[in-house]
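Structure first, commentary second.
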Amino acid sequence: MGRMVLFIVFVGMTITGGWLVLRRTGNYEIDYFTKILGWILVIPGIWGLLDSLRIIQ
């Protein structure tokens, strides 16, 4: 059960991070900040997804 909850958390992190990476506002400072924040969420999210699917161990 705990592994399923972690999987859902990592899916949420990856989707949120991907949304932040792809989001454009037109203001370069805000876009830069949201891209950094998005990548900070996407990278551990993908790592966690691969770990919870037991692709990497």
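Scheme for the structure tokens: letters A, B, ... for chains in order shown; per-chain residue numbers from 1; ligand numbers from 1 in order shown.
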
Tell me, as an MDAnalysis selection string, which residues lie within 8 Å of A:Leu37, counting only C-alpha atoms; anything in the same chain fewer than 2 positions away does not count. chainID A and resid 17 20:21 33:35 39:41

With N, CA and C atoms retained, could you export that selection as a CSV table (one decimal), in the first residue's frame?
```csv
chain,number,residue,atom,x,y,z
A,17,GLY,N,5.8,19.3,-12.2
A,17,GLY,CA,7.1,19.8,-12.7
A,17,GLY,C,7.1,20.0,-14.2
A,20,LEU,N,5.2,23.1,-15.1
A,20,LEU,CA,6.0,24.3,-14.8
A,20,LEU,C,7.1,24.5,-15.8
A,21,VAL,N,7.7,23.4,-16.3
A,21,VAL,CA,8.7,23.6,-17.3
A,21,VAL,C,8.1,24.1,-18.7
A,33,PHE,N,12.5,31.2,-13.3
A,33,PHE,CA,12.2,30.7,-11.9
A,33,PHE,C,11.3,29.4,-12.0
A,34,THR,N,10.2,29.5,-12.8
A,34,THR,CA,9.3,28.3,-12.9
A,34,THR,C,10.0,27.2,-13.6
A,35,LYS,N,10.9,27.4,-14.6
A,35,LYS,CA,11.6,26.3,-15.2
A,35,LYS,C,12.6,25.6,-14.2
A,39,TRP,N,12.1,21.7,-13.1
A,39,TRP,CA,13.1,20.7,-13.2
A,39,TRP,C,13.5,20.1,-11.9
A,40,ILE,N,13.4,20.9,-10.8
A,40,ILE,CA,13.7,20.4,-9.5
A,40,ILE,C,12.6,19.4,-9.1
A,41,LEU,N,11.4,19.5,-9.6
A,41,LEU,CA,10.3,18.5,-9.4
A,41,LEU,C,10.3,17.4,-10.3
```

Assign secondary structure with DSSP using the backbone only, and return the residues of stretch 2-57 of chain A in helix (DSSP H, G or I) as number ranges by chain. A: 2-22, 28-52

Go ahead and save the residues from that selection, with N, CA and C atoms, as a compact mmCIF listing (two decimals), in the first residue's frame.
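Output below, filename selection_34.txt:
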```txt
# COMPACT_ATOMS: atom_id res chain seq x y z
N GLY A 2 1.95 1.24 0.78
CA GLY A 2 2.82 2.40 0.85
C GLY A 2 3.50 2.70 -0.48
N ARG A 3 3.82 1.63 -1.22
CA ARG A 3 4.46 1.81 -2.52
C ARG A 3 3.51 2.49 -3.51
N MET A 4 2.21 2.18 -3.39
CA MET A 4 1.21 2.78 -4.26
C MET A 4 1.07 4.28 -3.97
N VAL A 5 1.10 4.65 -2.69
CA VAL A 5 1.00 6.06 -2.32
C VAL A 5 2.21 6.83 -2.84
N LEU A 6 3.41 6.24 -2.69
CA LEU A 6 4.61 6.89 -3.22
C LEU A 6 4.53 7.04 -4.73
N PHE A 7 4.01 6.03 -5.42
CA PHE A 7 3.86 6.11 -6.87
C PHE A 7 2.96 7.28 -7.26
N ILE A 8 1.85 7.45 -6.56
CA ILE A 8 0.93 8.55 -6.85
C ILE A 8 1.59 9.90 -6.56
N VAL A 9 2.36 9.99 -5.48
CA VAL A 9 3.08 11.23 -5.17
C VAL A 9 4.09 11.56 -6.26
N PHE A 10 4.82 10.56 -6.73
CA PHE A 10 5.81 10.81 -7.78
C PHE A 10 5.16 11.17 -9.11
N VAL A 11 4.02 10.58 -9.41
CA VAL A 11 3.29 10.97 -10.63
C VAL A 11 2.86 12.43 -10.52
N GLY A 12 2.36 12.82 -9.37
CA GLY A 12 1.95 14.21 -9.16
C GLY A 12 3.13 15.17 -9.28
N MET A 13 4.28 14.79 -8.72
CA MET A 13 5.47 15.63 -8.82
C MET A 13 5.90 15.80 -10.27
N THR A 14 5.87 14.70 -11.03
CA THR A 14 6.31 14.75 -12.42
C THR A 14 5.36 15.59 -13.27
N ILE A 15 4.07 15.43 -13.08
CA ILE A 15 3.09 16.20 -13.86
C ILE A 15 3.20 17.69 -13.52
N THR A 16 3.30 18.01 -12.23
CA THR A 16 3.42 19.41 -11.82
C THR A 16 4.70 20.03 -12.34
N GLY A 17 5.80 19.31 -12.22
CA GLY A 17 7.08 19.82 -12.73
C GLY A 17 7.06 20.00 -14.24
N GLY A 18 6.47 19.05 -14.95
CA GLY A 18 6.37 19.18 -16.41
C GLY A 18 5.53 20.37 -16.82
N TRP A 19 4.46 20.61 -16.07
CA TRP A 19 3.61 21.76 -16.36
C TRP A 19 4.39 23.06 -16.14
N LEU A 20 5.18 23.11 -15.07
CA LEU A 20 5.96 24.31 -14.80
C LEU A 20 7.05 24.52 -15.84
N VAL A 21 7.65 23.44 -16.32
CA VAL A 21 8.71 23.57 -17.34
C VAL A 21 8.13 24.08 -18.65
N LEU A 22 6.94 23.62 -19.01
CA LEU A 22 6.35 23.99 -20.29
C LEU A 22 5.58 25.31 -20.26
N TYR A 28 10.46 37.05 -18.50
CA TYR A 28 11.62 36.16 -18.51
C TYR A 28 12.07 35.76 -17.12
N GLU A 29 11.96 36.66 -16.15
CA GLU A 29 12.40 36.30 -14.79
C GLU A 29 11.49 35.23 -14.20
N ILE A 30 10.19 35.38 -14.39
CA ILE A 30 9.25 34.39 -13.86
C ILE A 30 9.40 33.06 -14.60
N ASP A 31 9.59 33.11 -15.92
CA ASP A 31 9.78 31.88 -16.69
C ASP A 31 11.02 31.14 -16.25
N TYR A 32 12.10 31.86 -15.98
CA TYR A 32 13.34 31.25 -15.53
C TYR A 32 13.13 30.55 -14.18
N PHE A 33 12.46 31.23 -13.26
CA PHE A 33 12.19 30.66 -11.94
C PHE A 33 11.30 29.42 -12.04
N THR A 34 10.24 29.50 -12.84
CA THR A 34 9.34 28.35 -12.94
C THR A 34 10.02 27.16 -13.63
N LYS A 35 10.91 27.42 -14.58
CA LYS A 35 11.64 26.32 -15.22
C LYS A 35 12.57 25.63 -14.23
N ILE A 36 13.27 26.41 -13.42
CA ILE A 36 14.15 25.82 -12.41
C ILE A 36 13.33 25.00 -11.43
N LEU A 37 12.24 25.56 -10.94
CA LEU A 37 11.38 24.85 -10.00
C LEU A 37 10.79 23.59 -10.64
N GLY A 38 10.41 23.69 -11.90
CA GLY A 38 9.87 22.54 -12.62
C GLY A 38 10.88 21.41 -12.74
N TRP A 39 12.12 21.75 -13.12
CA TRP A 39 13.14 20.71 -13.23
C TRP A 39 13.49 20.11 -11.88
N ILE A 40 13.41 20.92 -10.82
CA ILE A 40 13.65 20.39 -9.47
C ILE A 40 12.58 19.36 -9.11
N LEU A 41 11.38 19.52 -9.62
CA LEU A 41 10.31 18.55 -9.37
C LEU A 41 10.34 17.36 -10.33
N VAL A 42 10.70 17.60 -11.59
CA VAL A 42 10.65 16.54 -12.60
C VAL A 42 11.72 15.48 -12.36
N ILE A 43 12.93 15.90 -12.08
CA ILE A 43 14.04 14.94 -11.99
C ILE A 43 13.82 13.93 -10.86
N PRO A 44 13.54 14.36 -9.60
CA PRO A 44 13.28 13.33 -8.59
C PRO A 44 11.97 12.58 -8.83
N GLY A 45 11.01 13.22 -9.51
CA GLY A 45 9.76 12.54 -9.82
C GLY A 45 9.97 11.36 -10.76
N ILE A 46 10.76 11.57 -11.79
CA ILE A 46 11.06 10.49 -12.73
C ILE A 46 11.89 9.41 -12.04
N TRP A 47 12.85 9.83 -11.23
CA TRP A 47 13.67 8.87 -10.49
C TRP A 47 12.78 8.00 -9.58
N GLY A 48 11.85 8.63 -8.88
CA GLY A 48 10.94 7.91 -8.00
C GLY A 48 10.01 6.99 -8.76
N LEU A 49 9.54 7.43 -9.92
CA LEU A 49 8.67 6.57 -10.74
C LEU A 49 9.41 5.32 -11.18
N LEU A 50 10.63 5.50 -11.66
CA LEU A 50 11.41 4.35 -12.10
C LEU A 50 11.72 3.41 -10.94
N ASP A 51 11.96 3.98 -9.77
CA ASP A 51 12.24 3.16 -8.60
C ASP A 51 10.99 2.42 -8.13
N SER A 52 9.84 3.07 -8.13
CA SER A 52 8.63 2.39 -7.67
C SER A 52 8.13 1.36 -8.68
```
